[in-house]
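Student: Contents of work_31.cif (mmCIF, C-alpha atoms) are given next:
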```cif
data_my_file
loop_
_atom_site.label_atom_id
_atom_site.label_comp_id
_atom_site.auth_asym_id
_atom_site.auth_seq_id
_atom_site.Cartn_x
_atom_site.Cartn_y
_atom_site.Cartn_z
CA MET A 1 -23.78 -13.04 -9.16
CA ARG A 2 -24.12 -12.80 -5.39
CA ILE A 3 -20.68 -12.52 -3.81
CA GLY A 4 -20.04 -12.87 -0.09
CA ILE A 5 -17.39 -10.74 1.63
CA ALA A 6 -15.89 -10.91 5.13
CA SER A 7 -15.75 -7.13 5.61
CA ASN A 8 -16.10 -3.98 3.55
CA GLY A 9 -13.20 -1.72 4.45
CA TYR A 10 -11.05 0.34 2.11
CA PRO A 11 -9.20 -2.64 0.53
CA GLU A 12 -12.46 -4.45 -0.25
CA LYS A 13 -13.97 -1.31 -1.75
CA ARG A 14 -10.79 -0.80 -3.76
CA CYS A 15 -10.37 -4.33 -5.07
CA ILE A 16 -13.69 -6.15 -4.77
CA THR A 17 -16.97 -4.29 -4.31
CA GLU A 18 -16.48 -1.65 -7.02
CA ASN A 19 -17.53 -4.37 -9.47
CA LYS A 20 -21.03 -3.12 -10.29
CA SER A 21 -22.10 -6.28 -12.11
CA HIS A 22 -22.52 -8.22 -8.83
CA ASP A 23 -24.35 -7.96 -5.52
CA PHE A 24 -22.09 -8.10 -2.47
CA ILE A 25 -23.30 -9.45 0.86
CA ASN A 26 -21.25 -8.63 3.94
CA PHE A 27 -20.86 -11.61 6.30
CA ASP A 28 -18.76 -9.68 8.82
CA LYS A 29 -21.10 -10.42 11.73
CA SER A 30 -21.46 -14.06 10.67
CA ASN A 31 -17.74 -14.79 10.94
CA THR A 32 -16.72 -16.90 13.94
CA PHE A 33 -13.28 -15.28 13.91
CA LYS A 34 -14.72 -11.80 14.35
CA TYR A 35 -15.56 -12.84 17.90
CA ILE A 36 -12.45 -14.97 18.46
CA ASN A 37 -10.30 -12.02 17.38
CA PHE A 38 -12.20 -9.69 19.71
CA LEU A 39 -11.59 -11.95 22.71
CA ASN A 40 -7.94 -12.54 21.78
CA SER A 41 -7.42 -8.79 21.50
CA LYS A 42 -9.04 -7.99 24.84
CA LEU A 43 -7.73 -10.91 26.88
CA LEU A 44 -4.38 -11.71 25.28
CA ASN A 45 -3.50 -8.47 23.46
CA LYS A 46 -3.11 -10.64 20.35
CA ALA A 47 -3.21 -9.45 16.73
CA PRO A 48 -6.15 -10.67 14.62
CA SER A 49 -6.21 -13.78 12.47
CA PHE A 50 -7.61 -13.11 9.01
CA ILE A 51 -9.76 -16.22 8.80
CA PHE A 52 -13.38 -16.55 7.71
CA ARG A 53 -15.35 -19.40 9.22
CA PRO A 54 -19.13 -18.93 9.10
CA LEU A 55 -21.18 -19.29 12.27
CA ILE A 56 -23.40 -21.72 10.37
CA VAL A 57 -22.08 -24.52 8.17
CA ASN A 58 -23.65 -23.24 4.95
CA PRO A 59 -24.00 -19.45 5.27
CA SER A 60 -26.34 -19.08 2.31
CA ASN A 61 -27.46 -21.17 -0.64
CA ASN A 62 -27.84 -17.94 -2.60
CA ILE A 63 -24.14 -17.03 -2.54
CA ASP A 64 -22.31 -17.90 -5.76
CA ALA A 65 -18.82 -17.33 -4.32
CA PHE A 66 -16.95 -15.48 -1.60
CA HIS A 67 -14.20 -12.95 -2.28
CA PHE A 68 -12.00 -12.04 0.66
CA PHE A 69 -9.18 -9.56 1.21
CA ASN A 70 -6.38 -11.26 3.20
CA HIS A 71 -8.77 -13.84 4.69
CA THR A 72 -8.43 -17.61 4.43
CA GLY A 73 -11.82 -19.27 3.98
CA LEU A 74 -12.81 -22.23 6.13
CA LEU A 75 -16.08 -23.05 4.41
CA LYS A 76 -17.59 -25.31 1.75
CA SER A 77 -18.56 -22.57 -0.70
CA LYS A 78 -16.35 -21.39 -3.56
CA TRP A 79 -13.98 -18.64 -2.50
CA VAL A 80 -11.21 -16.36 -3.73
CA SER A 81 -8.84 -14.20 -1.70
CA THR A 82 -6.80 -11.17 -2.67
CA PHE A 83 -3.79 -10.73 -0.38
CA GLU A 84 -1.34 -7.89 0.16
CA THR A 85 1.54 -9.73 1.85
CA ILE A 86 0.91 -13.35 2.82
CA ILE A 87 -1.94 -15.82 3.25
CA PRO A 88 -2.84 -17.19 5.74
CA ARG A 89 -2.42 -13.86 7.51
CA ILE A 90 -2.17 -14.77 11.18
CA PRO A 91 0.07 -13.55 14.03
CA GLU A 92 2.45 -16.50 13.71
CA VAL A 93 3.74 -15.28 10.32
CA MET A 94 2.53 -11.70 10.03
CA ASP A 95 5.89 -10.01 10.66
CA ILE A 96 8.52 -12.52 9.53
CA HIS A 97 9.08 -10.70 6.22
CA ARG A 98 10.06 -7.55 8.14
CA LYS A 99 12.97 -9.17 9.97
CA PRO A 100 16.66 -8.90 8.99
CA ASP A 101 17.94 -11.32 6.37
CA GLY A 102 18.99 -14.50 8.10
CA GLU A 103 16.10 -14.15 10.56
CA ASN A 104 13.26 -13.91 8.03
CA ASN A 105 13.08 -17.51 6.85
CA TYR A 106 9.80 -19.35 7.19
CA GLU A 107 9.59 -22.59 9.15
CA LYS A 108 6.95 -25.32 9.21
CA ASN A 109 4.07 -24.67 11.56
CA GLU A 110 1.14 -26.99 12.18
CA LYS A 111 -1.45 -24.20 12.28
CA ILE A 112 -0.13 -22.67 9.05
CA GLY A 113 -0.14 -26.09 7.41
CA ALA A 114 -3.80 -26.65 8.30
CA LEU A 115 -4.79 -23.28 6.81
CA LEU A 116 -2.70 -23.89 3.69
CA SER A 117 -4.55 -27.20 3.30
CA ALA A 118 -7.80 -25.21 3.13
CA ILE A 119 -6.29 -23.06 0.37
CA ALA A 120 -5.26 -26.22 -1.50
CA GLU A 121 -8.87 -27.50 -1.48
CA SER A 122 -10.77 -27.35 -4.78
CA ASN A 123 -13.36 -24.84 -3.52
CA CYS A 124 -10.59 -22.24 -3.20
CA LEU A 125 -10.60 -20.96 -6.78
CA SER A 126 -7.62 -18.62 -6.61
CA ILE A 127 -5.42 -16.52 -4.36
CA LEU A 128 -4.51 -13.20 -5.93
CA ALA A 129 -1.27 -11.49 -4.96
CA LEU A 130 -1.64 -7.73 -5.05
CA SER A 131 1.97 -7.43 -6.28
CA GLN A 132 5.07 -9.36 -7.28
CA SER A 133 6.37 -8.49 -3.83
CA ALA A 134 3.45 -10.30 -2.15
CA TYR A 135 3.83 -13.21 -4.57
CA ASN A 136 7.51 -13.61 -3.65
CA ILE A 137 6.80 -13.59 0.09
CA GLN A 138 4.06 -16.19 -0.36
CA VAL A 139 6.33 -18.47 -2.39
CA ALA A 140 9.04 -18.20 0.28
CA MET A 141 6.56 -19.54 2.83
CA LEU A 142 5.16 -22.22 0.51
CA ASP A 143 8.64 -23.61 -0.10
CA GLU A 144 8.50 -24.94 3.47
CA TYR A 145 5.36 -26.97 2.62
CA PRO A 146 6.33 -29.04 -0.45
CA ALA A 147 3.28 -31.32 -0.20
CA LEU A 148 0.97 -28.31 -0.67
CA ALA A 149 3.15 -25.88 -2.61
CA ASP A 150 2.45 -26.98 -6.19
CA SER A 151 -1.32 -27.09 -5.68
CA ILE A 152 -1.39 -23.62 -4.17
CA LYS A 153 1.10 -22.09 -6.62
CA SER A 154 -1.16 -23.24 -9.47
CA LYS A 155 -3.91 -21.00 -8.02
CA MET A 156 -1.68 -17.97 -7.55
CA ARG A 157 -1.51 -15.02 -9.87
CA ILE A 158 -0.43 -11.40 -9.56
CA VAL A 159 -3.34 -8.99 -10.01
CA HIS A 160 -2.61 -5.34 -9.32
CA PRO A 161 -5.60 -3.28 -8.12
CA PRO A 162 -7.78 -1.24 -10.46
CA GLN A 163 -7.54 2.53 -10.76
CA GLN A 164 -9.87 4.84 -12.67
CA LEU A 165 -8.15 7.55 -14.71
CA LEU A 166 -8.98 10.99 -13.36
CA VAL A 167 -7.40 13.01 -16.17
CA ALA A 168 -7.03 11.89 -19.78
CA ALA A 169 -3.88 13.89 -20.56
CA VAL A 170 -1.45 16.32 -18.95
CA THR A 171 -3.06 19.13 -20.91
CA ASP A 172 -6.27 18.55 -18.93
CA LYS A 173 -4.56 19.52 -15.67
CA PRO A 174 -5.34 23.06 -14.44
CA VAL A 175 -1.80 23.66 -13.20
CA ASP A 176 0.02 26.96 -13.46
CA SER A 177 3.74 26.71 -14.16
CA ASP A 178 5.14 29.44 -11.91
CA ARG A 179 5.74 27.18 -8.95
CA VAL A 180 6.25 23.43 -8.73
CA LYS A 181 3.38 22.11 -6.65
CA LEU A 182 4.14 19.05 -4.55
CA ILE A 183 1.67 17.03 -2.50
CA PHE A 184 1.84 14.38 0.21
CA VAL A 185 -1.06 12.48 1.72
CA GLY A 186 -0.77 9.97 4.53
CA ARG A 187 -2.84 9.54 7.66
CA ASP A 188 0.21 7.93 9.32
CA PHE A 189 2.26 11.05 8.72
CA TYR A 190 5.59 9.86 10.10
CA ARG A 191 5.54 6.28 8.78
CA LYS A 192 4.81 7.50 5.27
CA GLY A 193 7.73 9.92 5.18
CA GLY A 194 6.10 13.21 6.11
CA ALA A 195 8.92 14.22 8.45
CA GLU A 196 11.59 13.54 5.84
CA ILE A 197 9.70 15.73 3.34
CA VAL A 198 9.59 18.58 5.86
CA LEU A 199 13.31 18.27 6.62
CA ALA A 200 14.25 18.00 2.93
CA VAL A 201 12.25 21.08 1.94
CA SER A 202 13.64 23.04 4.88
CA GLU A 203 17.22 22.13 3.94
CA LEU A 204 16.66 23.00 0.27
CA VAL A 205 15.34 26.45 1.15
CA GLU A 206 17.88 27.18 3.92
CA SER A 207 20.80 26.21 1.68
CA GLY A 208 19.54 28.41 -1.15
CA ILE A 209 19.38 25.50 -3.62
CA ILE A 210 15.81 26.56 -4.26
CA SER A 211 13.72 29.49 -3.04
CA ALA A 212 10.53 29.12 -1.02
CA ASP A 213 8.90 30.90 -3.97
CA ASP A 214 9.87 28.04 -6.32
CA ILE A 215 7.58 25.45 -4.72
CA ASP A 216 4.28 24.90 -2.95
CA VAL A 217 4.18 21.85 -0.69
CA THR A 218 0.81 20.55 0.49
CA LEU A 219 0.92 18.06 3.37
CA ILE A 220 -2.25 16.14 4.22
CA GLY A 221 -1.83 13.99 7.31
CA ASP A 222 -2.23 13.86 11.06
CA LEU A 223 0.89 15.16 12.83
CA GLY A 224 -0.35 13.35 15.91
CA LYS A 225 0.08 9.96 14.19
CA ARG A 226 3.63 9.44 15.39
CA ASP A 227 3.80 5.66 15.41
CA ASN A 228 6.06 4.05 12.84
CA TYR A 229 6.17 0.27 13.08
CA VAL A 230 9.32 0.18 10.94
CA HIS A 231 11.29 1.98 13.66
CA GLY A 232 10.33 -0.60 16.28
CA GLU A 233 12.00 0.24 19.58
CA PHE A 234 14.18 2.95 17.99
CA LYS A 235 11.53 5.66 17.99
CA ASP A 236 11.95 9.40 17.54
CA ASP A 237 11.71 11.63 20.60
CA MET A 238 9.46 14.57 21.43
CA GLN A 239 12.16 17.04 20.43
CA PHE A 240 12.11 15.60 16.89
CA TYR A 241 8.32 15.83 16.61
CA GLU A 242 8.31 19.41 17.92
CA ARG A 243 10.98 20.36 15.39
CA ILE A 244 8.90 18.97 12.52
CA GLU A 245 5.76 20.76 13.71
CA SER A 246 7.68 24.02 14.06
CA ILE A 247 9.01 23.84 10.49
CA VAL A 248 5.53 23.00 9.14
CA LYS A 249 4.15 26.07 10.92
CA ASP A 250 6.93 28.48 9.97
CA LEU A 251 7.98 27.58 6.41
CA SER A 252 5.99 29.74 3.98
CA CYS A 253 5.96 27.19 1.14
CA ILE A 254 4.28 24.48 3.26
CA SER A 255 0.51 24.16 3.72
CA HIS A 256 -0.76 21.52 6.13
CA PHE A 257 -4.17 19.86 6.51
CA ALA A 258 -4.79 17.22 9.16
CA SER A 259 -7.32 15.63 6.80
CA LEU A 260 -9.51 16.44 3.80
CA PRO A 261 -12.47 14.68 2.16
CA ASN A 262 -11.39 12.28 -0.57
CA GLY A 263 -12.90 14.41 -3.34
CA GLN A 264 -10.84 17.42 -2.29
CA VAL A 265 -7.71 15.27 -2.11
CA MET A 266 -8.24 14.15 -5.71
CA GLU A 267 -8.73 17.76 -6.79
CA LYS A 268 -5.44 18.68 -5.16
CA PHE A 269 -3.71 15.76 -6.89
CA ILE A 270 -5.01 17.02 -10.23
CA SER A 271 -3.76 20.55 -9.53
CA SER A 272 -0.32 19.36 -8.37
CA HIS A 273 2.82 18.62 -10.36
CA ILE A 274 4.53 16.00 -8.16
CA GLY A 275 3.32 13.54 -5.54
CA LEU A 276 5.37 12.43 -2.54
CA LEU A 277 5.42 9.06 -0.79
CA PRO A 278 8.95 8.60 0.63
CA THR A 279 7.56 5.95 2.94
CA TRP A 280 9.35 3.80 5.51
CA GLY A 281 6.86 0.99 5.11
CA ASP A 282 3.90 0.26 2.84
CA THR A 283 2.62 -3.02 1.47
CA TYR A 284 1.38 -1.41 -1.74
CA GLY A 285 0.88 2.36 -2.07
CA TYR A 286 -2.65 3.02 -3.35
CA SER A 287 -2.08 6.77 -3.18
CA VAL A 288 0.63 6.40 -5.83
CA LEU A 289 -1.95 4.99 -8.25
CA GLU A 290 -4.35 7.83 -7.41
CA MET A 291 -1.67 10.45 -8.00
CA GLN A 292 -0.58 8.85 -11.26
CA ALA A 293 -4.22 8.72 -12.38
CA CYS A 294 -4.29 12.49 -11.85
CA GLY A 295 -1.18 13.00 -14.00
CA CYS A 296 0.91 13.58 -10.88
CA PRO A 297 4.18 11.59 -10.99
CA VAL A 298 5.49 10.51 -7.61
CA ILE A 299 8.74 10.46 -5.63
CA THR A 300 8.81 7.23 -3.62
CA THR A 301 11.19 4.98 -1.76
CA SER A 302 12.00 1.50 -3.07
CA VAL A 303 10.02 -0.57 -0.55
CA ARG A 304 7.71 -3.46 -1.41
CA ALA A 305 5.39 -2.92 -4.40
CA LEU A 306 6.57 0.64 -5.04
CA THR A 307 9.37 -0.73 -7.20
CA GLU A 308 6.68 -2.25 -9.43
CA ILE A 309 4.24 0.66 -9.68
CA ASN A 310 6.66 3.59 -9.86
CA PRO A 311 9.06 2.93 -12.77
CA SER A 312 11.61 5.56 -13.73
CA GLU A 313 9.73 6.71 -16.82
CA SER A 314 6.74 7.77 -14.72
CA GLY A 315 8.28 8.79 -11.40
CA TRP A 316 11.35 9.06 -9.19
CA MET A 317 12.69 6.29 -6.94
CA ILE A 318 14.82 6.73 -3.82
CA ASP A 319 16.84 3.55 -3.34
CA VAL A 320 16.90 2.57 0.32
CA PRO A 321 18.59 -0.45 1.95
CA CYS A 322 16.06 -3.28 2.33
CA ASN A 323 15.99 -6.97 3.23
CA LYS A 324 15.28 -9.64 0.60
CA PHE A 325 11.54 -8.92 0.84
CA LYS A 326 12.07 -5.19 0.15
CA GLU A 327 11.35 -4.12 3.71
CA ILE A 328 13.40 -1.51 5.57
CA VAL A 329 14.87 -3.09 8.71
CA ILE A 330 15.92 -0.90 11.64
CA SER A 331 18.23 -2.57 14.16
CA SER A 332 19.70 0.54 15.83
CA TYR A 333 19.35 4.30 16.07
CA ASP A 334 22.29 4.55 13.66
CA ASP A 335 20.35 2.46 11.10
CA LYS A 336 17.40 4.81 11.40
CA GLU A 337 19.51 7.95 10.95
CA GLU A 338 21.39 6.46 8.00
CA ILE A 339 18.19 5.59 6.16
CA ARG A 340 16.56 8.89 7.10
CA ASN A 341 19.51 10.74 5.58
CA ILE A 342 19.23 8.64 2.39
CA ILE A 343 15.53 9.47 2.10
CA ILE A 344 16.08 13.19 2.74
CA ALA A 345 18.93 13.33 0.22
CA GLY A 346 16.77 11.59 -2.38
CA ILE A 347 13.87 13.98 -1.87
CA LYS A 348 16.18 16.99 -2.12
CA LYS A 349 17.88 15.74 -5.27
CA ASN A 350 14.65 14.94 -7.09
CA ILE A 351 12.85 18.14 -6.12
CA ALA A 352 15.85 20.28 -7.11
CA ASN A 353 16.18 18.51 -10.46
CA ALA A 354 12.45 18.85 -11.15
CA VAL A 355 12.46 22.57 -10.36
CA ALA A 356 15.42 23.00 -12.74
CA ASP A 357 13.86 20.91 -15.54
CA LYS A 358 10.07 21.22 -15.58
CA LYS A 359 9.78 19.31 -18.87
CA THR A 360 10.78 16.18 -16.96
CA ILE A 361 7.70 16.65 -14.80
CA SER A 362 5.30 16.85 -17.75
CA ASP A 363 6.95 13.86 -19.47
CA LYS A 364 6.62 11.73 -16.34
CA ALA A 365 3.09 13.00 -15.79
CA GLN A 366 1.97 11.77 -19.21
CA ALA A 367 3.78 8.47 -18.67
CA SER A 368 1.95 8.11 -15.33
CA ILE A 369 -1.40 8.51 -17.06
CA GLU A 370 -0.45 5.94 -19.70
CA ARG A 371 0.69 3.34 -17.13
CA ILE A 372 -2.58 3.65 -15.21
CA LYS A 373 -4.49 3.26 -18.46
CA ASN A 374 -2.49 0.18 -19.45
CA ALA A 375 -1.82 -1.58 -16.13
CA HIS A 376 -4.78 -0.73 -13.88
CA ALA A 377 -7.83 -0.39 -16.13
CA PRO A 378 -10.93 -1.26 -14.03
CA ASP A 379 -12.77 -2.94 -16.93
CA ALA A 380 -9.92 -5.37 -17.58
CA TYR A 381 -9.44 -5.99 -13.86
CA PHE A 382 -13.07 -6.85 -13.14
CA LYS A 383 -13.38 -8.92 -16.31
CA LEU A 384 -10.53 -11.08 -14.99
CA ILE A 385 -12.14 -11.31 -11.54
CA ASP A 386 -15.45 -12.36 -13.13
CA THR A 387 -13.68 -15.14 -15.01
CA ILE A 388 -12.30 -16.43 -11.70
CA TYR A 389 -15.72 -16.29 -10.02
CA GLU A 390 -17.22 -18.32 -12.86
CA SER A 391 -14.50 -21.00 -12.89
CA LYS A 392 -15.14 -24.59 -11.69
#
```
Could you render the structure as structure tokens?
Tutor:
Amino acid sequence: MRIGIASNGYPEKRCITENKSHDFINFDKSNTFKYINFLNSKLLNKAPSFIFRPLIVNPSNNIDAFHFFNHTGLLKSKWVSTFETIIPRIPEVMDIHRKPDGENNYEKNEKIGALLSAIAESNCLSILALSQSAYNIQVAMLDEYPALADSIKSKMRIVHPPQQLLVAAVTDKPVDSDRVKLIFVGRDFYRKGGAEIVLAVSELVESGIISADDIDVTLIGDLGKRDNYVHGEFKDDMQFYERIESIVKDLSCISHFASLPNGQVMEKFISSHIGLLPTWGDTYGYSVLEMQACGCPVITTSVRALTEINPSESGWMIDVPCNKFKEIVISSYDDKEEIRNIIIAGIKKNIANAVADKKTISDKAQASIERIKNAHAPDAYFKLIDTIYESK
């Protein structure tokens, strides 16, 4: 089949265009909203609207269906959309789920209603929630539109992304057992918990709970990426950033790379014992799947989809206070410090326990491999997607 797409970034490559049984045609430059979004950004400093409306009424008679990631289709052709949080994804509703409970309820909006009507049309074959978390947020919004809710809910299903296994068993991992090797990867170093890892490791070593010779910690991420949308106005100061950079430089058990090619990252996952993603905010956590596929169980926080993809048998979970949509909400500097301390304490506890009981690591590693095999098999995923393309 010939499948149209609205763009071909990382999410599309992850969830759509890896399906080798179809040809994918990128209509990025044929989308009216590409240009509307550009003007809104430049003139109004406005966030983009994830909407696909072709410049011409019928973009191509040779397209069998369109498959979008986060986009709502305003077109006559058959279309499907995979979404990570909510659809339609437009500025009016993009951040409601991140607000404190009591302030994160959805209200009727004429623009949202018009876009939901497009989703309710018969040419929209399905909308695929990337997680139960995304599904729950979508349902919360749909409850405010009872005339459309049932029609749209009938098209909704939860479809977690595919992940290829990179090792077949723990015994395939070329890992020596002298030191516990931990790894973190995150371009947005601070948002994804890089600072808390550095502080936790430093405290473990300084307190003598573990020795610097017990662990190797590899950090892959840009220390210059200091923005953390979860913190909002309660940001860290330069003194904090300088402290983190100083520890990274001075602590012998930490190795830091600003970035590495993806192939080298996967090799490091395979040669590591434990992955780290103690994130403040993530809609999904693709790196968790990649680590698990390498037989590398992960320490994560309990935000959004991480509670679904990192069960206790295959990883370690740090419970953090969240709103009803499993988002961390920071309303003061005290909130931030409280949650930071919870994350640091959780990292310390789980690393110390793993160093003391290495069998736990290998058990969770094998369980990680099995869950990827059972829950994220690419063949099963794309077979399901093909069935949706061929419907109606």
Student: Can you spell out as a ChimeraX atom specification the set of residues that the PyMOL selection byres ((chain A and resi 118) around 12) selects in the structure I just provided?
Tutor: /A:51-53,71-80,87-88,111-117,119-127,148,151-152
Student: Translate the PyMOL selection byres ((chain A and resi 390) around 10) into a concrete residue list for this structure, as number ranges by chain.
Tutor: A: 1, 64-65, 78, 125, 385-389, 391-392
Student: List as number ranges by chain: which residues have an atom within 12 Å of (-2.6, 2.9, -15.2), counting all atoms listed in the file?
Tutor: A: 160-168, 286, 288-295, 297, 309-311, 314, 365-381
Student: For atom CA of Glu338 of chain A and atom CA of Asp357 of chain A, quote the distance in Å rounded to one decimal.
Tutor: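 Value for the atom CA of Glu338 of chain A-atom CA of Asp357 of chain A distance: 28.6 Å.
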Student: Translate the PyMOL selection byres ((chain A and resi 82) around 9) into a concrete residue list for this structure, as an MDAnalysis selection string.
Tutor: chainID A and resid 15:16 67:71 80:81 83:84 87 126:130 159
Student: Let me make sure I understand: among A:Trp280, A:Tyr145, A:Tyr135, A:Phe240, which one has the smallest atom-to-atom distance to Arg191 of chain A if we use only C-alpha atoms?
Tutor: A:Trp280
Student: Just checking: using only C-alpha atoms, which residue out of A:Asn19, A:Asn40, A:Thr218, A:Ser332 ends up closest to Glu233 of chain A?
Tutor: A:Ser332
Student: Between A:Pro278, A:Gly315, A:Pro100, A:Pro174, which has the minimum distance to Thr301 of chain A (counting only C-alpha atoms)?
Tutor: A:Pro278
Student: Calculate how many Å separate atom CA of Tyr190 of chain A from atom CA of Asn228 of chain A, rounding to one decimal.
Tutor: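 Between atom CA of Tyr190 of chain A and atom CA of Asn228 of chain A the gap works out to 6.4 Å.
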Student: Counting only C-alpha atoms, which of A:Ser246, A:Asn341, A:Ser312, A:Ser133 gets nearest to Lys364 of chain A?
Tutor: A:Ser312
Student: Nearest residue to Ile342 of chain A out of A:Met317, A:Asp95, A:Lys20, A:Phe50, using all atoms listed in the file?
Tutor: A:Met317
Student: Using only the atoms of segment 382-387 of chain A listed in the file, plus 4 Å on each side, state the axis-aligned box centre and edge lengths in Å rounded to one decimal, as lines of an AutoDock Vina configuration file.
Tutor:
```
center_x = -13.0
center_y = -11.0
center_z = -13.9
size_x = 12.9
size_y = 16.3
size_z = 12.8
```
Student: Can you work out the spacing between atom CA of Ile318 of chain A and atom CA of Pro261 of chain A in Å, to one decimal?
Tutor: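 Atom CA of Pro261 of chain A lies 29.0 Å from atom CA of Ile318 of chain A.
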Student: Please return, as a ChimeraX atom specification, all polymer residues that have at least one atom within 8 Å of the point (-24.4, -18.7, 13.4); use only C-alpha atoms and the file's own coordinate frame.
Tutor: /A:30,32,54-56
Student: With distances taken over only C-alpha atoms, which residue among A:Tyr229, A:Tyr284, A:Phe269, A:Phe27 lies nearest Arg98 of chain A?
Tutor: A:Tyr229
